Each structure stands twice: as structure tokens, then as C-alpha cells.
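Read through the structure below, which is laid out as C-alpha cells, and then see the notes.
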Amino acid sequence: MTADTDHAEIESLLGAYALDAVDPEEAARVGRHLETCPRCRAEVDSAHEVAGRLGTSARVDDAEPLPPGLWDRIAGGLGAPAERAPGPMPGLGGPPEGVGRVAEISHARTRRAGRWASLVAAAAAVAAIAVLGVGLANTSTQLDQARRALSGRGDTGAVRAAMATPARRLVRMDSAEGAQLAEFVVLPDGQGYLVSSSMPSLPSDETYQLWALIGGQPISVGLLGSRPDQAAFTLASTSQASALAVTVEPAGGVTTPDRSPVAKGNLA
Amino acid sequence: MKVPPEPAPGERGDAQLVVAVARCRQDALAEVYRRHGPAVFALARRVTGDPSAAEDVTQEVFLKLWNAPDRFDAARGSLRSFLLAQSHSRSVDLVRSRAARSRREENDARATANAAYDLEREVWDLAVADQVREAMATLPTEERSAIELAYYEGYTYREVAAILSQPEGTVKSRIRSGLRRMRGSLAESGVRDR
């Protein structure tokens, strides 16, 4: 086979290759070819874009939410690659990118709005912004892993540093009866930490879950585990979140809160 | 079928997110998950037909992004397509190894597919984005069926050829020409990712 016919043969496979519809031997052949042929590479990239649209069309949107707890499984397996140092997140934190998505999330949650609306009755309607929830799996089984993953962010040093930051805000979390159950500190950039907690330990099949109230809608920020002692999280723009709330949920958490909060605190 | 177009605004945000992921920002990964996790999961479930397998695939896709974020090259395409391509590839692997285990008979597949393969049911029961639906509608039926069987059902082009009783070479080129045609009509209708 000459180089030309070989190239033609490879080319004819590009569409099927982009859809993973070739045999393993063919996939290997095409893969090798792509390393040296920008033109074929571009065609496959382009076909992947089209396939991506097909993939999006398979989505069944709000009717089929992500399985609860899946994010926590993912977050629990992250660890912290040693060769990569934690650093600041560039240019993130709110409009314009996040707006559409959170609006969608909010929309999906309007069912629950009634029960939660009273929490933020005083808060004026605010534009939806992105909340970067950190799945901070502080459950007993994942505690060590979570601590590793959060090196320098969830430890007491970081909390002390946060407490010493002039523009920090303290959020006192009270029960419905007005007893203080926990305290968070939130920095101007949205980084937040659990400072103290007197929330009672939960059975191992339950977890505390932290929510931010944005425009009257609860948006999950992350899980605090069954015995919260330390936690770090990020709100993309604290000025837009009016309150924090904590619920008790099944281990793994939920995407929309079913139960009334056990503790809440105003951010404003 | 040239280079990918200029990224839409959301894609620029995605590229920033990946930079943040590369700096071990777990909250950036969480945002990627929030944006694209539903599509990654839905596609895996569609292909595997198995929600718990789809969870495994989704977890793998996001762990891979966490561990090797530099494998995403914004110059080559959108993050969503990148993640969906991986979701698809892993899902297809699962379906094929499952098929190998159960010795899925080609004849069975052909008989079932011929009897049950219903374009209307298979495709239109999905919440298909309008422009994608329109782009699909512009395809000749043969191209459309070949692409759907390969993409949504995870068949190889050889299997598709057997199912549709068509020559392998024909199916191969129909998949390719169909994708190129869709690319054209999506570009025309100005569809951007997300």
C-alpha cells in the first residue's frame, strides 16, 4: 500500500473514529496517524465538536438531575497531585460566565422556593451569580483525604489567617430557637471557613449540608460531614448571597433541600 | 471542516476554569461539574443504559480532568466536547466489554435492531436541542441512522453495517459525510456550544 492510499484509507475512517465506532486496531492506526497529520487531526477535532452537540442532545436536563452524592464521590477521590501547587483562581467569580447556569439552577429549584423564601424575606431580589460550591467531604471515612486535598485551605492556620483579615465577615449560624450552632468566616474573595461548631454529631448515614441563599434560592455549597470540625468553601460573590443555611441530609447530600434548615445566618 | 470557530463566551470561561483546575482548585472542578456534569452523565447513561455505570464513567471523566488538565487544549475545541468525547469513549468501552462478556450475538443484534430500531422513538424522545434536531433533519436518512447507531448505541461501523445490511465502506463514508454535513448546517445556524 502506498502512502497515498494509506492516507485515503485513514481519512475514510475519521468520522467513525471520532464516534468511537472503529475497531481497536483501526483506532490505534488512526491515532498514530493523527500525531503527524494536522489536517486529519483538525477533522477529528471538528467531528468531536459535532458529536458534542449530539451528546448534549441526549441530555434530559432538569427532569433528570445528576445523582445525589456523585459529586462527593468525585471530590472524595481527588487528592492533591503533588507536582501542582494550589494557586489563585484567575478571573473567576460571577458574571458574566456564571449567570446563565445559576439562573437555570434557580429555575429548577423554584418548587422549593416557598419553604425557603421566608429565610430571606428581608433580602431584596438579587441577580443570580455563580456559587462555587466545594464538595468538602468531611465525613469520617474521607476526612484524611479531604484534609490532604485541602492542604493549606481548610486547616486551622488558614482559619486563623482568615480571622485576621480586616474585611472578613463572621456569619453566626443560629438554630430556629436562636441558639448559636456554628460560625463561619467569609473573606471578601468568597473564600470561607468553618470557625467553630457545636452542631451535634449525626448518625453516619446523615450529613450536614451547607447552602447559600441566592435570590431566595438555596444553592448547595458543600457537605460538612456528620461531625463538622473544619470546612473550607468558596462563594463566587459573597455580596450576592444573602444568607447561609445548614440542613441535615442523607449521607452524600441532596441537590435540593427537602428539609428545613437546622441553622441559618445572614451574610449581609 | 476547518479549524474550530472562535470560542463562545461560555467557552472562554471554561478555559479559565481548566487553568484553575490545573492549580488544584477543587471549586473550579466543581463548577466544571456543575456546567457539564449533567451532559456527561446523561450521555453515559444513554450509551450504557445503566445509571450506575454512567456514574462510574462520570467520575472517571472528572478525575481525569483533575489529574491531567493539560490534556484539554482550548485551541482544539470546547471543554464540553472534550468531556463528552471522553464520556462517550468510556461508555462505549463498557458496552463493548459487556457485549463481549455476554457474547452478544450479531444476529440477535441485527434482528432486534431491525425490529425495534425506530428512528422516531430512538431520537425524538430525547430532549433534542432545536438546532441539533434541525441539523440532523438535514441529513439523508442513511447518514442519520448510521450516526445514531454508532453514537447513541455504541456500535462500531462494522456492526452498524450488519444491522443496516449495508456495505461497511458505505457506512464508514456515510458517518463521515454526515458529520461534515452537520458541521456545515450547525455553523450556518450559528449554533455555539451551550
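Chain labels follow the order of the C-alpha cells: the first chain is A, the next B, and so on; residue numbering restarts at 1 in every chain, and ligands are counted from 1 in their shown order.
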
Inset, instruction - For stretch 31-47 of chain A, please output as a list in words all residues within 9 Å (counting only C-alpha atoms; exclusion window: fewer than 5 positions along the same chain). - result: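 In the requested format, the answer is His7, Ile10, Glu11, Leu14, Gly15, Tyr17, Ala18, Leu19, Glu26 and Gly52 of chain A; Met1, Lys2, Val3, Pro4, Arg76, Gly77, Arg176, Leu179, Arg180 and Arg183 of chain B.
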
Just the selected residues (N, CA, C and O atoms), exported as a PDB file, in the first residue's frame, please.
```
ATOM      1  N   HIS A   7      -3.177   6.953   3.310  1.00  0.00           N
ATOM      2  CA  HIS A   7      -3.779   8.177   3.831  1.00  0.00           C
ATOM      3  C   HIS A   7      -5.269   8.229   3.527  1.00  0.00           C
ATOM      4  O   HIS A   7      -6.083   8.597   4.373  1.00  0.00           O
ATOM      5  N   ILE A  10      -7.048   5.907   5.906  1.00  0.00           N
ATOM      6  CA  ILE A  10      -7.178   6.528   7.223  1.00  0.00           C
ATOM      7  C   ILE A  10      -8.268   7.602   7.204  1.00  0.00           C
ATOM      8  O   ILE A  10      -9.133   7.654   8.071  1.00  0.00           O
ATOM      9  N   GLU A  11      -8.225   8.438   6.185  1.00  0.00           N
ATOM     10  CA  GLU A  11      -9.207   9.521   6.074  1.00  0.00           C
ATOM     11  C   GLU A  11     -10.628   8.993   6.105  1.00  0.00           C
ATOM     12  O   GLU A  11     -11.504   9.575   6.744  1.00  0.00           O
ATOM     13  N   LEU A  14     -12.083   8.580   9.559  1.00  0.00           N
ATOM     14  CA  LEU A  14     -12.047   9.664  10.541  1.00  0.00           C
ATOM     15  C   LEU A  14     -13.397   9.897  11.231  1.00  0.00           C
ATOM     16  O   LEU A  14     -13.448  10.132  12.443  1.00  0.00           O
ATOM     17  N   GLY A  15     -14.471   9.852  10.471  1.00  0.00           N
ATOM     18  CA  GLY A  15     -15.800  10.067  11.072  1.00  0.00           C
ATOM     19  C   GLY A  15     -16.111   8.991  12.091  1.00  0.00           C
ATOM     20  O   GLY A  15     -16.487   9.279  13.228  1.00  0.00           O
ATOM     21  N   TYR A  17     -14.058   7.065  13.557  1.00  0.00           N
ATOM     22  CA  TYR A  17     -13.093   7.181  14.651  1.00  0.00           C
ATOM     23  C   TYR A  17     -13.553   8.215  15.672  1.00  0.00           C
ATOM     24  O   TYR A  17     -13.507   7.975  16.886  1.00  0.00           O
ATOM     25  N   ALA A  18     -14.039   9.348  15.200  1.00  0.00           N
ATOM     26  CA  ALA A  18     -14.473  10.410  16.108  1.00  0.00           C
ATOM     27  C   ALA A  18     -15.673   9.960  16.952  1.00  0.00           C
ATOM     28  O   ALA A  18     -15.890  10.460  18.048  1.00  0.00           O
ATOM     29  N   LEU A  19     -16.440   8.999  16.448  1.00  0.00           N
ATOM     30  CA  LEU A  19     -17.593   8.494  17.200  1.00  0.00           C
ATOM     31  C   LEU A  19     -17.251   7.206  17.961  1.00  0.00           C
ATOM     32  O   LEU A  19     -18.142   6.500  18.418  1.00  0.00           O
ATOM     33  N   GLU A  26      -7.935  -0.410  14.326  1.00  0.00           N
ATOM     34  CA  GLU A  26      -8.124   0.773  13.491  1.00  0.00           C
ATOM     35  C   GLU A  26      -7.918   2.046  14.309  1.00  0.00           C
ATOM     36  O   GLU A  26      -7.308   3.012  13.842  1.00  0.00           O
ATOM     37  N   GLY A  52     -20.207  16.426  20.142  1.00  0.00           N
ATOM     38  CA  GLY A  52     -20.534  17.052  21.421  1.00  0.00           C
ATOM     39  C   GLY A  52     -21.949  17.602  21.427  1.00  0.00           C
ATOM     40  O   GLY A  52     -22.655  17.536  22.421  1.00  0.00           O
TER      41      GLY A  52
ATOM     42  N   MET B   1     -15.140  22.078   7.542  1.00  0.00           N
ATOM     43  CA  MET B   1     -14.305  21.219   8.388  1.00  0.00           C
ATOM     44  C   MET B   1     -12.905  21.805   8.509  1.00  0.00           C
ATOM     45  O   MET B   1     -11.932  21.194   8.143  1.00  0.00           O
ATOM     46  N   LYS B   2     -12.824  23.027   8.938  1.00  0.00           N
ATOM     47  CA  LYS B   2     -11.510  23.618   9.146  1.00  0.00           C
ATOM     48  C   LYS B   2     -11.230  23.682  10.647  1.00  0.00           C
ATOM     49  O   LYS B   2     -11.622  22.790  11.383  1.00  0.00           O
ATOM     50  N   VAL B   3     -10.599  24.746  11.029  1.00  0.00           N
ATOM     51  CA  VAL B   3     -10.318  24.880  12.462  1.00  0.00           C
ATOM     52  C   VAL B   3     -11.598  25.227  13.203  1.00  0.00           C
ATOM     53  O   VAL B   3     -12.519  25.780  12.624  1.00  0.00           O
ATOM     54  N   PRO B   4     -11.658  24.913  14.512  1.00  0.00           N
ATOM     55  CA  PRO B   4     -12.841  25.280  15.289  1.00  0.00           C
ATOM     56  C   PRO B   4     -13.019  26.797  15.290  1.00  0.00           C
ATOM     57  O   PRO B   4     -12.028  27.535  15.213  1.00  0.00           O
ATOM     58  N   ARG B  76      -8.216  23.427  20.366  1.00  0.00           N
ATOM     59  CA  ARG B  76      -8.723  22.343  19.529  1.00  0.00           C
ATOM     60  C   ARG B  76     -10.220  22.116  19.643  1.00  0.00           C
ATOM     61  O   ARG B  76     -10.790  21.338  18.883  1.00  0.00           O
ATOM     62  N   GLY B  77     -10.867  22.754  20.599  1.00  0.00           N
ATOM     63  CA  GLY B  77     -12.304  22.565  20.716  1.00  0.00           C
ATOM     64  C   GLY B  77     -12.796  22.962  22.087  1.00  0.00           C
ATOM     65  O   GLY B  77     -12.008  23.373  22.938  1.00  0.00           O
ATOM     66  N   ARG B 176     -18.945   9.685   8.006  1.00  0.00           N
ATOM     67  CA  ARG B 176     -18.046  10.826   7.812  1.00  0.00           C
ATOM     68  C   ARG B 176     -18.757  11.983   7.105  1.00  0.00           C
ATOM     69  O   ARG B 176     -18.693  13.135   7.543  1.00  0.00           O
ATOM     70  N   LEU B 179     -21.349  13.710   9.367  1.00  0.00           N
ATOM     71  CA  LEU B 179     -20.762  14.615  10.361  1.00  0.00           C
ATOM     72  C   LEU B 179     -20.339  15.926   9.711  1.00  0.00           C
ATOM     73  O   LEU B 179     -20.529  17.003  10.273  1.00  0.00           O
ATOM     74  N   ARG B 180     -19.786  15.821   8.521  1.00  0.00           N
ATOM     75  CA  ARG B 180     -19.356  17.042   7.822  1.00  0.00           C
ATOM     76  C   ARG B 180     -20.557  17.893   7.458  1.00  0.00           C
ATOM     77  O   ARG B 180     -20.536  19.115   7.583  1.00  0.00           O
ATOM     78  N   ARG B 183     -21.850  19.580  10.528  1.00  0.00           N
ATOM     79  CA  ARG B 183     -20.950  20.668  10.875  1.00  0.00           C
ATOM     80  C   ARG B 183     -21.318  21.915  10.092  1.00  0.00           C
ATOM     81  O   ARG B 183     -21.408  23.015  10.634  1.00  0.00           O
TER      82      ARG B 183
END
```

Inset, instruction - Using only C-alpha atoms, find the one residue out of B:Asp73, B:Val95, B:Glu168, B:Tyr151 that sits nearest to chain A. - result: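 Closest residue, counting only C-alpha atoms: B:Tyr151.
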
Inset, instruction - Please provide as a list in words all residues within 6 Å of A:Tyr208, with the sequence filter that same-chain residues fewer than 3 positions apart are discarded (counting only C-alpha atoms). - result: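 In the requested format, the answer is Leu223, Leu224, Gly225, Ser226, Thr247 and Val248 of chain A.
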
Would you export the selected residues with C-alpha atoms as a compact mmCIF listing (two decimals), in the first residue's frame, please?
```
# COMPACT_ATOMS: atom_id res chain seq x y z
CA LEU A 223 -21.15 18.86 52.64
CA LEU A 224 -19.91 19.37 56.16
CA GLY A 225 -19.99 15.74 57.19
CA SER A 226 -21.66 14.19 60.20
CA THR A 247 -29.58 21.26 56.66
CA VAL A 248 -29.37 17.64 57.77
```

Inset, instruction - List every residue of stretch 146-202 of chain A that DSSP, applied to the backbone of this structure, assigns to alpha helix (DSSP H), and report them as a ChimeraX atom specification. - result: /A:146-149,156-163

If you keep N, CA, C and O atoms, can you produce a file of those selected residues as a PDB file, in the first residue's frame?
```pdb
ATOM      1  N   ALA A 146      -9.774  14.384  52.579  1.00  0.00           N
ATOM      2  CA  ALA A 146     -10.235  15.754  52.414  1.00  0.00           C
ATOM      3  C   ALA A 146      -9.197  16.724  52.957  1.00  0.00           C
ATOM      4  O   ALA A 146      -8.939  17.760  52.376  1.00  0.00           O
ATOM      5  N   ARG A 147      -8.600  16.362  54.071  1.00  0.00           N
ATOM      6  CA  ARG A 147      -7.601  17.253  54.646  1.00  0.00           C
ATOM      7  C   ARG A 147      -6.413  17.397  53.723  1.00  0.00           C
ATOM      8  O   ARG A 147      -5.863  18.469  53.552  1.00  0.00           O
ATOM      9  N   ARG A 148      -6.025  16.273  53.120  1.00  0.00           N
ATOM     10  CA  ARG A 148      -4.929  16.352  52.165  1.00  0.00           C
ATOM     11  C   ARG A 148      -5.297  17.243  51.000  1.00  0.00           C
ATOM     12  O   ARG A 148      -4.558  18.118  50.617  1.00  0.00           O
ATOM     13  N   ALA A 149      -6.491  17.009  50.473  1.00  0.00           N
ATOM     14  CA  ALA A 149      -6.911  17.762  49.297  1.00  0.00           C
ATOM     15  C   ALA A 149      -6.989  19.248  49.607  1.00  0.00           C
ATOM     16  O   ALA A 149      -6.829  20.082  48.737  1.00  0.00           O
ATOM     17  N   THR A 156      -6.356  24.870  60.384  1.00  0.00           N
ATOM     18  CA  THR A 156      -6.567  25.922  61.367  1.00  0.00           C
ATOM     19  C   THR A 156      -5.737  27.161  61.044  1.00  0.00           C
ATOM     20  O   THR A 156      -6.144  28.267  61.364  1.00  0.00           O
ATOM     21  N   GLY A 157      -4.578  26.961  60.398  1.00  0.00           N
ATOM     22  CA  GLY A 157      -3.765  28.109  60.006  1.00  0.00           C
ATOM     23  C   GLY A 157      -4.532  29.020  59.068  1.00  0.00           C
ATOM     24  O   GLY A 157      -4.523  30.251  59.212  1.00  0.00           O
ATOM     25  N   ALA A 158      -5.206  28.408  58.097  1.00  0.00           N
ATOM     26  CA  ALA A 158      -5.969  29.196  57.135  1.00  0.00           C
ATOM     27  C   ALA A 158      -7.124  29.913  57.832  1.00  0.00           C
ATOM     28  O   ALA A 158      -7.444  31.061  57.512  1.00  0.00           O
ATOM     29  N   VAL A 159      -7.727  29.224  58.789  1.00  0.00           N
ATOM     30  CA  VAL A 159      -8.830  29.842  59.524  1.00  0.00           C
ATOM     31  C   VAL A 159      -8.312  31.026  60.328  1.00  0.00           C
ATOM     32  O   VAL A 159      -8.916  32.108  60.332  1.00  0.00           O
ATOM     33  N   ARG A 160      -7.158  30.825  60.978  1.00  0.00           N
ATOM     34  CA  ARG A 160      -6.580  31.935  61.758  1.00  0.00           C
ATOM     35  C   ARG A 160      -6.262  33.127  60.856  1.00  0.00           C
ATOM     36  O   ARG A 160      -6.549  34.270  61.184  1.00  0.00           O
ATOM     37  N   ALA A 161      -5.689  32.808  59.685  1.00  0.00           N
ATOM     38  CA  ALA A 161      -5.356  33.883  58.748  1.00  0.00           C
ATOM     39  C   ALA A 161      -6.622  34.611  58.299  1.00  0.00           C
ATOM     40  O   ALA A 161      -6.646  35.836  58.171  1.00  0.00           O
ATOM     41  N   ALA A 162      -7.659  33.822  58.060  1.00  0.00           N
ATOM     42  CA  ALA A 162      -8.916  34.434  57.622  1.00  0.00           C
ATOM     43  C   ALA A 162      -9.485  35.340  58.710  1.00  0.00           C
ATOM     44  O   ALA A 162      -9.957  36.448  58.433  1.00  0.00           O
ATOM     45  N   MET A 163      -9.398  34.866  59.949  1.00  0.00           N
ATOM     46  CA  MET A 163      -9.936  35.647  61.061  1.00  0.00           C
ATOM     47  C   MET A 163      -9.174  36.965  61.207  1.00  0.00           C
ATOM     48  O   MET A 163      -9.712  37.952  61.702  1.00  0.00           O
TER      49      MET A 163
END
```

Legend entry - For atom CA of A:Gln209 and atom CA of B:Gln59, the interatomic separation in Å (one decimal):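 One can read the atom CA of A:Gln209 to atom CA of B:Gln59 distance as 20.9 Å.
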
Legend entry - Point-to-point distance from atom CA of B:Ala42 to atom CA of A:Thr207, Å rounded to tenths: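 Computing it gives 26.6 Å between the two atoms.
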
Legend entry - Distance query stretch 254-257 of chain A at most 8 Å, only C-alpha atoms, self and fewer than 4 positions along chain excluded, as a ChimeraX atom specification: /A:68-69,109,112,218-220,247,249-250

Just write the chosen residues, N, CA, C and O atoms, as a PDB file, in the first residue's frame.
```pdb
ATOM      1  N   PRO A  68     -27.644  12.305  43.313  1.00  0.00           N
ATOM      2  CA  PRO A  68     -27.122  12.940  44.528  1.00  0.00           C
ATOM      3  C   PRO A  68     -25.926  12.144  45.034  1.00  0.00           C
ATOM      4  O   PRO A  68     -25.908  10.921  44.949  1.00  0.00           O
ATOM      5  N   GLY A  69     -24.936  12.840  45.505  1.00  0.00           N
ATOM      6  CA  GLY A  69     -23.792  12.136  46.063  1.00  0.00           C
ATOM      7  C   GLY A  69     -22.702  11.861  45.052  1.00  0.00           C
ATOM      8  O   GLY A  69     -21.584  11.516  45.430  1.00  0.00           O
ATOM      9  N   ARG A 109     -35.228  25.001  40.834  1.00  0.00           N
ATOM     10  CA  ARG A 109     -35.499  24.858  42.250  1.00  0.00           C
ATOM     11  C   ARG A 109     -36.685  25.661  42.726  1.00  0.00           C
ATOM     12  O   ARG A 109     -36.936  25.738  43.907  1.00  0.00           O
ATOM     13  N   ARG A 112     -39.097  24.533  45.415  1.00  0.00           N
ATOM     14  CA  ARG A 112     -38.778  24.579  46.835  1.00  0.00           C
ATOM     15  C   ARG A 112     -38.794  25.996  47.383  1.00  0.00           C
ATOM     16  O   ARG A 112     -38.534  26.201  48.541  1.00  0.00           O
ATOM     17  N   PRO A 218     -31.924  28.262  47.525  1.00  0.00           N
ATOM     18  CA  PRO A 218     -30.772  27.590  48.135  1.00  0.00           C
ATOM     19  C   PRO A 218     -29.902  26.919  47.068  1.00  0.00           C
ATOM     20  O   PRO A 218     -30.401  26.161  46.249  1.00  0.00           O
ATOM     21  N   ILE A 219     -28.616  27.247  47.081  1.00  0.00           N
ATOM     22  CA  ILE A 219     -27.664  26.621  46.164  1.00  0.00           C
ATOM     23  C   ILE A 219     -26.658  25.861  47.028  1.00  0.00           C
ATOM     24  O   ILE A 219     -26.073  26.431  47.946  1.00  0.00           O
ATOM     25  N   SER A 220     -26.466  24.603  46.731  1.00  0.00           N
ATOM     26  CA  SER A 220     -25.567  23.806  47.561  1.00  0.00           C
ATOM     27  C   SER A 220     -24.140  24.335  47.513  1.00  0.00           C
ATOM     28  O   SER A 220     -23.603  24.629  46.453  1.00  0.00           O
ATOM     29  N   THR A 247     -28.525  22.257  56.493  1.00  0.00           N
ATOM     30  CA  THR A 247     -29.582  21.258  56.660  1.00  0.00           C
ATOM     31  C   THR A 247     -28.957  19.921  57.044  1.00  0.00           C
ATOM     32  O   THR A 247     -27.753  19.719  56.894  1.00  0.00           O
ATOM     33  N   GLU A 249     -29.045  16.118  55.931  1.00  0.00           N
ATOM     34  CA  GLU A 249     -29.463  15.357  54.755  1.00  0.00           C
ATOM     35  C   GLU A 249     -28.880  13.946  54.815  1.00  0.00           C
ATOM     36  O   GLU A 249     -27.957  13.686  55.591  1.00  0.00           O
ATOM     37  N   PRO A 250     -29.390  13.058  53.984  1.00  0.00           N
ATOM     38  CA  PRO A 250     -28.787  11.727  53.902  1.00  0.00           C
ATOM     39  C   PRO A 250     -27.322  11.840  53.474  1.00  0.00           C
ATOM     40  O   PRO A 250     -26.982  12.764  52.728  1.00  0.00           O
TER      41      PRO A 250
END
```
